[in-house]
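S.K.: final-v2.txt is the file, holding compact mmCIF, C-alpha atoms:
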```txt
# COMPACT_ATOMS: atom_id res chain seq x y z
CA MET A 332 -20.44 -10.98 -19.29
CA SER A 333 -17.43 -10.23 -17.18
CA ASN A 334 -15.04 -12.27 -19.33
CA SER A 335 -15.71 -10.15 -22.39
CA LYS A 336 -14.17 -7.09 -20.70
CA ILE A 337 -10.90 -6.70 -18.87
CA LYS A 338 -10.48 -4.53 -15.79
CA ILE A 339 -7.71 -1.96 -15.97
CA GLU A 340 -6.73 1.27 -14.26
CA VAL A 341 -5.61 4.51 -15.80
CA VAL A 342 -3.57 6.96 -13.72
CA TYR A 343 -2.62 10.53 -14.43
CA ALA A 344 -0.87 12.14 -11.50
CA LEU A 345 -0.26 15.82 -10.90
CA PRO A 346 1.54 16.85 -7.70
CA HIS A 347 -1.62 17.78 -5.83
CA GLU A 348 -4.29 16.05 -7.84
CA GLN A 349 -4.12 12.45 -8.94
CA THR A 350 -6.69 10.79 -11.13
CA LEU A 351 -7.04 7.03 -10.75
CA LEU A 352 -9.75 5.59 -12.97
CA LYS A 353 -10.95 2.01 -12.91
CA LEU A 354 -12.18 1.02 -16.35
CA ASP A 355 -13.55 -2.01 -18.17
CA VAL A 356 -12.21 -2.24 -21.70
CA PRO A 357 -12.66 -4.85 -24.41
CA PRO A 358 -9.88 -7.45 -24.61
CA ALA A 359 -7.03 -6.70 -27.01
CA SER A 360 -7.34 -2.98 -26.32
CA THR A 361 -4.11 -1.03 -26.48
CA ILE A 362 -2.80 1.66 -24.15
CA ALA A 363 -3.88 4.33 -26.64
CA ASP A 364 -7.43 2.91 -26.77
CA ALA A 365 -7.72 2.94 -22.99
CA VAL A 366 -6.38 6.48 -22.67
CA LYS A 367 -8.89 7.68 -25.28
CA PHE A 368 -11.68 5.75 -23.54
CA SER A 369 -10.77 7.19 -20.12
CA GLY A 370 -11.73 10.72 -21.15
CA LEU A 371 -8.51 12.10 -19.68
CA LEU A 372 -7.55 13.63 -23.04
CA GLU A 373 -10.48 16.02 -22.79
CA LYS A 374 -9.95 16.76 -19.11
CA TYR A 375 -6.22 17.38 -19.38
CA PRO A 376 -5.37 18.93 -22.75
CA GLU A 377 -1.64 18.66 -22.02
CA ILE A 378 -1.83 14.89 -22.56
CA ASP A 379 -0.95 14.19 -26.18
CA LEU A 380 -1.31 10.65 -27.48
CA ALA A 381 1.59 11.19 -29.85
CA LYS A 382 3.96 12.99 -27.51
CA SER A 383 3.16 11.84 -23.96
CA LYS A 384 4.88 8.75 -22.63
CA PHE A 385 2.87 5.88 -21.24
CA GLY A 386 3.71 2.84 -19.22
CA LEU A 387 2.42 -0.09 -17.24
CA PHE A 388 3.33 -0.25 -13.55
CA GLY A 389 6.49 1.82 -13.76
CA LYS A 390 7.73 0.39 -17.06
CA LEU A 391 7.67 2.59 -20.15
CA SER A 392 5.54 0.96 -22.83
CA LYS A 393 4.57 1.90 -26.34
CA ALA A 394 1.06 3.23 -26.92
CA ASP A 395 0.19 0.19 -29.05
CA THR A 396 0.94 -2.29 -26.28
CA VAL A 397 -1.97 -4.69 -25.80
CA LEU A 398 -3.41 -4.60 -22.31
CA ARG A 399 -3.88 -7.47 -19.93
CA GLU A 400 -6.30 -7.88 -17.04
CA LYS A 401 -5.48 -5.64 -14.03
CA ASP A 402 -2.87 -3.56 -15.84
CA ARG A 403 -2.34 -0.03 -14.56
CA ILE A 404 -1.71 2.43 -17.34
CA GLU A 405 0.35 5.36 -16.21
CA ILE A 406 0.52 8.60 -18.13
CA TYR A 407 3.86 10.25 -17.48
CA ARG A 408 5.02 13.82 -17.42
CA PRO A 409 8.53 14.93 -18.35
CA LEU A 410 11.09 15.74 -15.68
CA ILE A 411 11.57 19.35 -14.69
CA ALA A 412 15.10 18.95 -13.40
CA ASP A 413 17.92 17.84 -15.65
CA PRO A 414 19.51 14.89 -13.83
CA LYS A 415 22.98 15.90 -15.00
CA GLU A 416 22.46 19.44 -13.79
CA VAL A 417 21.21 18.26 -10.39
CA ARG A 418 24.23 16.01 -10.04
CA ARG A 419 26.62 18.83 -10.97
CA LYS A 420 24.98 21.18 -8.51
CA ARG A 421 25.21 18.68 -5.70
CA ALA A 422 28.86 18.03 -6.51
CA GLU A 423 29.56 21.77 -6.36
CA GLU A 424 27.88 21.99 -2.99
CA GLY A 425 30.20 19.25 -1.80
CA LYS A 426 27.42 16.89 -0.84
CA VAL A 427 28.12 13.20 -1.05
CA MET A 428 25.84 11.34 -3.39
CA LYS A 429 24.12 8.35 -1.90
CA LYS A 430 24.84 5.71 -4.45
CA GLY A 431 21.64 3.76 -4.75
CA GLY A 432 20.70 5.07 -1.35
CA GLY A 433 19.41 3.07 1.54
CA ASP A 434 22.50 2.55 3.67
CA ILE A 435 22.98 6.06 4.97
CA MET B 1382 -25.52 -59.88 24.36
CA ILE B 1383 -23.34 -60.50 21.31
CA ALA B 1384 -25.67 -58.43 19.18
CA ALA B 1385 -25.31 -55.50 21.61
CA LEU B 1386 -21.52 -55.86 21.55
CA LEU B 1387 -21.49 -55.90 17.76
CA VAL B 1388 -23.67 -52.78 17.65
CA MET B 1389 -21.35 -50.96 20.05
CA ILE B 1390 -18.25 -52.03 18.10
CA GLY B 1391 -19.97 -51.02 14.86
CA ILE B 1392 -20.75 -47.56 16.23
CA ALA B 1393 -17.18 -47.19 17.54
CA VAL B 1394 -15.68 -48.16 14.17
CA PHE B 1395 -18.06 -45.83 12.30
CA LEU B 1396 -17.37 -42.82 14.54
CA GLY B 1397 -13.64 -43.54 14.45
CA ALA B 1398 -13.75 -43.58 10.66
CA VAL B 1399 -15.68 -40.28 10.59
CA LEU B 1400 -13.18 -38.63 12.95
CA GLY B 1401 -10.22 -39.99 11.03
CA PHE B 1402 -11.67 -38.83 7.74
CA SER B 1403 -12.48 -35.33 8.97
CA ALA B 1404 -9.03 -35.00 10.56
CA ILE B 1405 -7.47 -35.49 7.13
CA LYS B 1406 -10.11 -33.70 5.07
CA PHE B 1407 -10.50 -30.58 7.22
CA LYS B 1408 -6.90 -30.22 8.38
CA VAL B 1409 -6.12 -26.60 9.23
CA GLN B 1410 -2.98 -25.34 7.52
CA GLY B 1411 -0.97 -23.07 9.78
CA ASN B 1412 -2.43 -20.96 12.53
CA PRO B 1413 -5.80 -19.48 11.52
CA LEU B 1414 -5.31 -16.69 14.06
CA VAL B 1415 -2.25 -15.44 12.14
CA GLU B 1416 -4.39 -15.06 9.03
CA LYS B 1417 -7.03 -13.10 10.94
CA ILE B 1418 -4.44 -10.77 12.48
CA ASP B 1419 -2.74 -10.35 9.12
CA ALA B 1420 -6.07 -9.29 7.63
CA VAL B 1421 -6.41 -6.51 10.24
CA LEU B 1422 -2.88 -5.17 9.68
CA PRO B 1423 -2.52 -2.49 6.97
CA GLN B 1424 -0.11 -4.52 4.76
CA THR B 1425 2.30 -1.66 4.29
CA GLN B 1426 5.23 -4.04 4.99
CA CYS B 1427 7.00 -1.00 6.41
CA GLY B 1428 8.79 -2.70 9.28
CA GLN B 1429 8.07 0.07 11.78
CA CYS B 1430 6.90 -2.60 14.24
CA GLY B 1431 10.41 -4.06 14.31
CA PHE B 1432 9.42 -7.14 12.34
CA PRO B 1433 10.30 -7.63 8.68
CA GLY B 1434 6.71 -7.23 7.49
CA CYS B 1435 3.07 -7.53 8.46
CA LYS B 1436 2.93 -11.34 8.43
CA PRO B 1437 5.90 -11.82 10.82
CA TYR B 1438 4.32 -9.24 13.16
CA ALA B 1439 1.02 -11.16 12.95
CA GLU B 1440 2.84 -14.38 13.83
CA ALA B 1441 4.53 -12.72 16.81
CA LEU B 1442 1.16 -11.33 17.94
CA ALA B 1443 -0.44 -14.77 17.67
CA LYS B 1444 2.29 -16.23 19.86
CA GLY B 1445 1.89 -13.36 22.30
CA GLU B 1446 5.47 -12.21 21.80
CA ALA B 1447 4.66 -8.69 20.64
CA ASP B 1448 2.50 -5.84 21.90
CA ILE B 1449 -0.48 -4.71 19.87
CA ASN B 1450 0.62 -1.06 19.78
CA LYS B 1451 3.56 -1.36 17.39
CA CYS B 1452 1.85 -0.51 14.10
CA PRO B 1453 1.84 3.24 13.36
CA PRO B 1454 0.26 2.92 9.87
CA GLY B 1455 -2.69 1.05 11.41
CA GLY B 1456 -3.37 3.95 13.74
CA GLU B 1457 -5.39 3.80 16.95
CA GLU B 1458 -8.18 2.16 15.02
CA GLY B 1459 -5.84 -0.72 14.23
CA ILE B 1460 -4.95 -1.16 17.89
CA HIS B 1461 -8.64 -1.29 18.76
CA LYS B 1462 -9.26 -3.97 16.14
CA LEU B 1463 -6.28 -6.02 17.34
CA ALA B 1464 -7.44 -5.62 20.95
CA ASP B 1465 -10.91 -6.93 20.03
CA LEU B 1466 -9.49 -9.82 18.01
CA LEU B 1467 -7.01 -10.94 20.64
CA GLY B 1468 -9.20 -10.19 23.65
CA LYS B 1469 -6.63 -7.78 25.07
CA GLU B 1470 -6.93 -4.35 26.62
CA PHE B 1471 -6.41 -1.34 24.37
CA ILE B 1472 -2.95 0.15 24.85
CA PRO B 1473 -2.00 3.48 23.29
CA PHE B 1474 1.15 3.89 21.23
CA GLY B 1475 4.24 3.43 23.33
CA GLU B 1476 7.65 5.08 23.15
CA GLY B 1477 8.85 2.71 20.45
CA ALA B 1478 6.12 3.70 18.03
CA PRO B 1479 5.17 7.31 18.53
CA PRO B 1480 1.75 8.37 17.21
CA LYS B 1481 2.74 10.54 14.30
CA ALA B 1482 0.29 12.72 12.49
CA LYS B 1483 -0.92 10.74 9.51
CA SER B 1484 1.04 11.95 6.55
CA VAL B 1485 1.69 11.09 2.94
CA ALA B 1486 4.87 11.35 0.92
CA PHE B 1487 5.28 14.21 -1.53
CA ILE B 1488 7.84 14.53 -4.31
CA ASP B 1489 9.55 17.84 -5.00
CA GLU B 1490 9.25 17.96 -8.76
CA SER B 1491 12.08 20.45 -9.27
CA THR B 1492 14.67 17.97 -7.96
CA CYS B 1493 13.26 14.56 -8.97
CA ILE B 1494 15.59 12.92 -11.50
CA GLY B 1495 13.31 10.01 -12.39
CA CYS B 1496 15.54 7.26 -11.02
CA THR B 1497 12.68 4.86 -10.05
CA LEU B 1498 14.38 3.88 -6.76
CA CYS B 1499 11.36 5.09 -4.74
CA ILE B 1500 8.99 3.16 -7.01
CA GLN B 1501 10.86 -0.05 -6.28
CA ALA B 1502 10.72 0.66 -2.56
CA CYS B 1503 7.00 1.44 -2.42
CA PRO B 1504 5.13 -1.58 -1.03
CA VAL B 1505 1.71 -0.38 -2.20
CA ASP B 1506 2.45 0.85 -5.75
CA ALA B 1507 1.49 4.37 -4.80
CA ILE B 1508 4.12 6.04 -6.98
CA VAL B 1509 3.48 6.69 -10.65
CA GLY B 1510 6.57 7.04 -12.79
CA ALA B 1511 9.15 5.34 -14.95
CA ALA B 1512 12.81 5.80 -15.80
CA LYS B 1513 13.51 9.48 -16.63
CA GLN B 1514 9.84 10.39 -16.22
CA MET B 1515 8.40 12.52 -13.44
CA HIS B 1516 7.49 10.49 -10.38
CA THR B 1517 4.29 11.37 -8.56
CA ILE B 1518 2.74 9.94 -5.44
CA ILE B 1519 -0.94 9.01 -5.47
CA ALA B 1520 -1.92 10.48 -2.12
CA SER B 1521 -4.97 8.24 -1.73
CA GLU B 1522 -2.84 5.09 -2.09
CA CYS B 1523 0.07 6.25 0.09
CA THR B 1524 0.10 4.66 3.54
CA GLY B 1525 2.76 6.97 4.95
CA CYS B 1526 5.22 4.16 5.65
CA GLU B 1527 8.23 6.35 4.72
CA LEU B 1528 10.02 3.51 2.93
CA CYS B 1529 10.57 5.72 -0.12
CA LEU B 1530 12.51 8.39 1.80
CA ALA B 1531 15.75 6.45 2.26
CA PRO B 1532 16.34 5.26 -1.31
CA CYS B 1533 15.93 8.71 -2.94
CA PRO B 1534 19.41 9.84 -4.08
CA VAL B 1535 18.43 13.51 -4.28
CA ASP B 1536 16.28 13.67 -1.11
CA CYS B 1537 13.31 15.05 -3.01
CA ILE B 1538 10.64 13.19 -1.01
CA SER B 1539 9.18 14.73 2.11
CA MET B 1540 6.31 13.71 4.35
CA LEU B 1541 3.37 16.09 4.43
CA PRO B 1542 0.92 15.69 7.30
CA ILE B 1543 -2.68 15.35 6.17
CA ALA B 1544 -4.59 18.40 7.30
CA GLU B 1545 -7.56 17.60 9.49
CA ASP B 1546 -10.79 18.42 7.75
CA ILE B 1547 -14.40 17.32 7.89
CA THR B 1548 -13.74 14.10 5.97
CA ASN B 1549 -11.08 12.67 8.26
CA TRP B 1550 -11.83 14.32 11.61
CA LYS B 1551 -12.20 11.86 14.42
CA TRP B 1552 -13.75 12.16 17.83
CA ARG B 1553 -10.97 11.95 20.37
CA TYR B 1554 -11.31 9.32 23.05
CA PRO B 1555 -12.21 11.05 26.31
CA VAL B 1556 -9.50 10.98 28.95
CA PHE B 1557 -10.58 11.01 32.59
CA PRO B 1558 -7.92 11.71 35.18
CA ILE B 1559 -8.19 9.12 37.94
CA GLN B 1560 -8.22 10.61 41.41
CA ALA B 1561 -7.68 8.69 44.58
CA THR B 1562 -10.33 9.28 47.21
CA ILE B 1563 -9.40 8.59 50.79
```
Would you put the structure from the file into structure tokens?
M.R.:
Amino acid sequence: MSNSKIKIEVVYALPHEQTLLKLDVPPASTIADAVKFSGLLEKYPEIDLAKSKFGLFGKLSKADTVLREKDRIEIYRPLIADPKEVRRKRAEEGKVMKKGGGDI
Amino acid sequence: MIAALLVMIGIAVFLGAVLGFSAIKFKVQGNPLVEKIDAVLPQTQCGQCGFPGCKPYAEALAKGEADINKCPPGGEEGIHKLADLLGKEFIPFGEGAPPKAKSVAFIDESTCIGCTLCIQACPVDAIVGAAKQMHTIIASECTGCELCLAPCPVDCISMLPIAEDITNWKWRYPVFPIQATI
């Protein structure tokens, strides 16, 4: 029945190709279980359960976090730019940083 | 005579009770038209209509205070739906809301610093990312509302128009020039 499974989503986003899977998993599944179940590990070999970072709706979460109904598991990729380096470069160029943004 | 009067009074009391009961039981909360209009609007909450969200715009439409052509994310299709719903004539996008090519946001990965400000701004959860992780926009979820552009401290988000292909091509409405005949 429907109450024996919980509905979740798994997302892995590349710049030009985003995979958004809707899955039914057993209750008390963890993030790692869902990622294994999604089949994304086979499709994208760069995802590593031990090394990749995961999260739920923009919040970093450990791979053993237990899922709840309608959670969206996000598989993250590391940054390319070093935030400190970007900041230094912008300061050298004399650009004003928007603090928090929005107003300008 | 008295029997007839009693019957009439009985019927009046009964019908009055039914009306009174249904007035309480089936009371309509708020304006049902607002709900219908709100359902047609794209729920991007982008504020491009000049109202602070889709619901306020729907309320203004229901009162007749706003034009139906103020919602760029809804597109021409949205104007047609609103025109049908409100029994108004179709009006194309005016000067206040220019018909932009439908586009989605795109993050330049070489400058993104993973600050999550765009994620907090996105009304439709179309951005995947967390603190100090690469942020990526799910193109199929993005409504093109441009709300993520302003918060980005490194200006790494740009809008890319969606190329017209066989899946999203639309037949243009025919335009007939009207000529006066004397």
S.K.: Just to confirm, what's the straight-line distance from CA of Met1515 (chain B) to CA of Ile1488 (chain B) in Å (one decimal)?
M.R.: 9.4 Å
S.K.: Can you pull out every residue within 8 Å of region 1453-1464 of chain B, counting only C-alpha atoms, but drop anything in the same chain fewer than 3 positions away, and send it as a PyMOL selection string?
M.R.: chain B and resi 1418+1421-1423+1425+1429-1430+1449-1450+1467-1474+1478-1481+1483+1524-1526
S.K.: Please produce a file of the residues just selected, as a PDB file, in the coordinates of the input, where the atoms kept are C-alpha atoms.
M.R.:
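Saved as out.pdb:
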```pdb
ATOM      1  CA  ILE B1418      -4.440 -10.770  12.480  1.00  0.00           C
ATOM      2  CA  VAL B1421      -6.410  -6.510  10.240  1.00  0.00           C
ATOM      3  CA  LEU B1422      -2.880  -5.170   9.680  1.00  0.00           C
ATOM      4  CA  PRO B1423      -2.520  -2.490   6.970  1.00  0.00           C
ATOM      5  CA  THR B1425       2.300  -1.660   4.290  1.00  0.00           C
ATOM      6  CA  GLN B1429       8.070   0.070  11.780  1.00  0.00           C
ATOM      7  CA  CYS B1430       6.900  -2.600  14.240  1.00  0.00           C
ATOM      8  CA  ILE B1449      -0.480  -4.710  19.870  1.00  0.00           C
ATOM      9  CA  ASN B1450       0.620  -1.060  19.780  1.00  0.00           C
ATOM     10  CA  LEU B1467      -7.010 -10.940  20.640  1.00  0.00           C
ATOM     11  CA  GLY B1468      -9.200 -10.190  23.650  1.00  0.00           C
ATOM     12  CA  LYS B1469      -6.630  -7.780  25.070  1.00  0.00           C
ATOM     13  CA  GLU B1470      -6.930  -4.350  26.620  1.00  0.00           C
ATOM     14  CA  PHE B1471      -6.410  -1.340  24.370  1.00  0.00           C
ATOM     15  CA  ILE B1472      -2.950   0.150  24.850  1.00  0.00           C
ATOM     16  CA  PRO B1473      -2.000   3.480  23.290  1.00  0.00           C
ATOM     17  CA  PHE B1474       1.150   3.890  21.230  1.00  0.00           C
ATOM     18  CA  ALA B1478       6.120   3.700  18.030  1.00  0.00           C
ATOM     19  CA  PRO B1479       5.170   7.310  18.530  1.00  0.00           C
ATOM     20  CA  PRO B1480       1.750   8.370  17.210  1.00  0.00           C
ATOM     21  CA  LYS B1481       2.740  10.540  14.300  1.00  0.00           C
ATOM     22  CA  LYS B1483      -0.920  10.740   9.510  1.00  0.00           C
ATOM     23  CA  THR B1524       0.100   4.660   3.540  1.00  0.00           C
ATOM     24  CA  GLY B1525       2.760   6.970   4.950  1.00  0.00           C
ATOM     25  CA  CYS B1526       5.220   4.160   5.650  1.00  0.00           C
TER      26      CYS B1526
END
```
S.K.: Could you give me, as a tab-separated table, every chain A residue with an atom at most 12 Å from chain B, plus its closest atom pair and distance in Å to one decimal, counting all atoms listed in the file, rows ordered by chain then number?
M.R.:
```
residue	atom	partner	partner_atom	distance
A:Val341	CA	B:Val1509	CA	10.7
A:Val342	CA	B:Val1509	CA	7.7
A:Tyr343	CA	B:Val1509	CA	8.1
A:Ala344	CA	B:Thr1517	CA	6.0
A:Leu345	CA	B:Thr1517	CA	6.8
A:Pro346	CA	B:Thr1517	CA	6.2
A:His347	CA	B:Ala1520	CA	8.2
A:Glu348	CA	B:Ile1519	CA	8.1
A:Gln349	CA	B:Ile1519	CA	5.8
A:Thr350	CA	B:Ile1519	CA	8.3
A:Leu351	CA	B:Ile1519	CA	8.3
A:Ser383	CA	B:Gln1514	CA	10.3
A:Lys384	CA	B:Gln1514	CA	8.3
A:Phe385	CA	B:Ala1511	CA	8.9
A:Gly386	CA	B:Ala1511	CA	7.4
A:Leu387	CA	B:Ala1511	CA	8.9
A:Phe388	CA	B:Val1509	CA	7.5
A:Gly389	CA	B:Ala1511	CA	4.6
A:Lys390	CA	B:Ala1511	CA	5.6
A:Leu391	CA	B:Ala1511	CA	6.1
A:Ser392	CA	B:Ala1511	CA	9.7
A:Arg403	CA	B:Val1509	CA	9.7
A:Ile404	CA	B:Val1509	CA	9.5
A:Glu405	CA	B:Val1509	CA	6.5
A:Ile406	CA	B:Gly1510	CA	8.2
A:Tyr407	CA	B:Gln1514	CA	6.1
A:Arg408	CA	B:Met1515	CA	5.4
A:Pro409	CA	B:Gln1514	CA	5.2
A:Leu410	CA	B:Met1515	CA	4.8
A:Ile411	CA	B:Ser1491	CA	5.6
A:Ala412	CA	B:Ser1491	CA	5.3
A:Asp413	CA	B:Ile1494	CA	6.8
A:Pro414	CA	B:Ile1494	CA	5.0
A:Lys415	CA	B:Ile1494	CA	8.7
A:Glu416	CA	B:Ile1494	CA	9.7
A:Val417	CA	B:Thr1492	CA	7.0
A:Arg418	CA	B:Val1535	CA	8.5
A:Arg419	CA	B:Val1535	CA	11.8
A:Lys420	CA	B:Thr1492	CA	10.8
A:Arg421	CA	B:Val1535	CA	8.6
A:Ala422	CA	B:Val1535	CA	11.6
A:Lys426	CA	B:Val1535	CA	10.2
A:Val427	CA	B:Pro1534	CA	9.8
A:Met428	CA	B:Pro1534	CA	6.6
A:Lys429	CA	B:Pro1534	CA	5.4
A:Lys430	CA	B:Pro1534	CA	6.8
A:Gly431	CA	B:Pro1532	CA	6.5
A:Gly432	CA	B:Pro1532	CA	4.4
A:Gly433	CA	B:Pro1532	CA	4.7
A:Asp434	CA	B:Ala1531	CA	7.9
A:Ile435	CA	B:Ala1531	CA	7.7
```
S.K.: In Å, rounded to a single decimal, give me how far CA of Gln1560 (chain B) is from CA of Lys1451 (chain B).
M.R.: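 It comes out at 29.3 Å.
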S.K.: Can you tell me, as a ChimeraX atom specification, what residues are no more than 9 Å from Thr396 (chain A) when counting all atoms listed in the file, ignoring any on the same chain fewer than 3 positions away?
M.R.: /A:360-363,392-393
S.K.: In Å to one decimal, how far is CA of Glu400 (chain A) from CA of Ile337 (chain A)?
M.R.: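 According to the coordinates, CA of Ile337 (chain A) and CA of Glu400 (chain A) are separated by 5.1 Å.
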S.K.: Pick out the residues sitting within 12 Å of region 354-357 of chain A, and hand them over as a list of chain:residue names; count only C-alpha atoms, and ignore anything fewer than 5 positions along from it in its own chain.
M.R.: A:Met332, A:Ser333, A:Asn334, A:Ser335, A:Lys336, A:Ile337, A:Lys338, A:Ile339, A:Glu340, A:Val341, A:Val342, A:Ile362, A:Ala363, A:Asp364, A:Ala365, A:Val366, A:Lys367, A:Phe368, A:Ser369, A:Gly370, A:Val397, A:Leu398, A:Arg399, A:Glu400, A:Lys401, A:Asp402, A:Arg403, A:Ile404
S.K.: Please list as a PDB file with C-alpha atoms, in the frame of the given file every residue within 12 Å of Lys1417 (chain B), counting all atoms listed in the file and excluding residues in the same chain fewer than 5 positions away.
M.R.:
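out-v5.pdb written:
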```pdb
ATOM      1  CA  GLY B1411      -0.970 -23.070   9.780  1.00  0.00           C
ATOM      2  CA  ASN B1412      -2.430 -20.960  12.530  1.00  0.00           C
ATOM      3  CA  LEU B1422      -2.880  -5.170   9.680  1.00  0.00           C
ATOM      4  CA  CYS B1435       3.070  -7.530   8.460  1.00  0.00           C
ATOM      5  CA  LYS B1436       2.930 -11.340   8.430  1.00  0.00           C
ATOM      6  CA  ALA B1439       1.020 -11.160  12.950  1.00  0.00           C
ATOM      7  CA  GLU B1440       2.840 -14.380  13.830  1.00  0.00           C
ATOM      8  CA  LEU B1442       1.160 -11.330  17.940  1.00  0.00           C
ATOM      9  CA  ALA B1443      -0.440 -14.770  17.670  1.00  0.00           C
ATOM     10  CA  LYS B1462      -9.260  -3.970  16.140  1.00  0.00           C
ATOM     11  CA  LEU B1463      -6.280  -6.020  17.340  1.00  0.00           C
ATOM     12  CA  ASP B1465     -10.910  -6.930  20.030  1.00  0.00           C
ATOM     13  CA  LEU B1466      -9.490  -9.820  18.010  1.00  0.00           C
ATOM     14  CA  LEU B1467      -7.010 -10.940  20.640  1.00  0.00           C
TER      15      LEU B1467
END
```
S.K.: Would you place a box with edges along x, y and z of the file around all atoms of region 1539-1546 of chain B listed there, add 5 Å to each of its six sides, and report the centre and edge lengths in Å to one decimal, as AutoDock Vina command-line options?
M.R.:
```
--center_x -0.8 --center_y 16.1 --center_z 5.8 --size_x 30.0 --size_y 14.7 --size_z 17.4
```
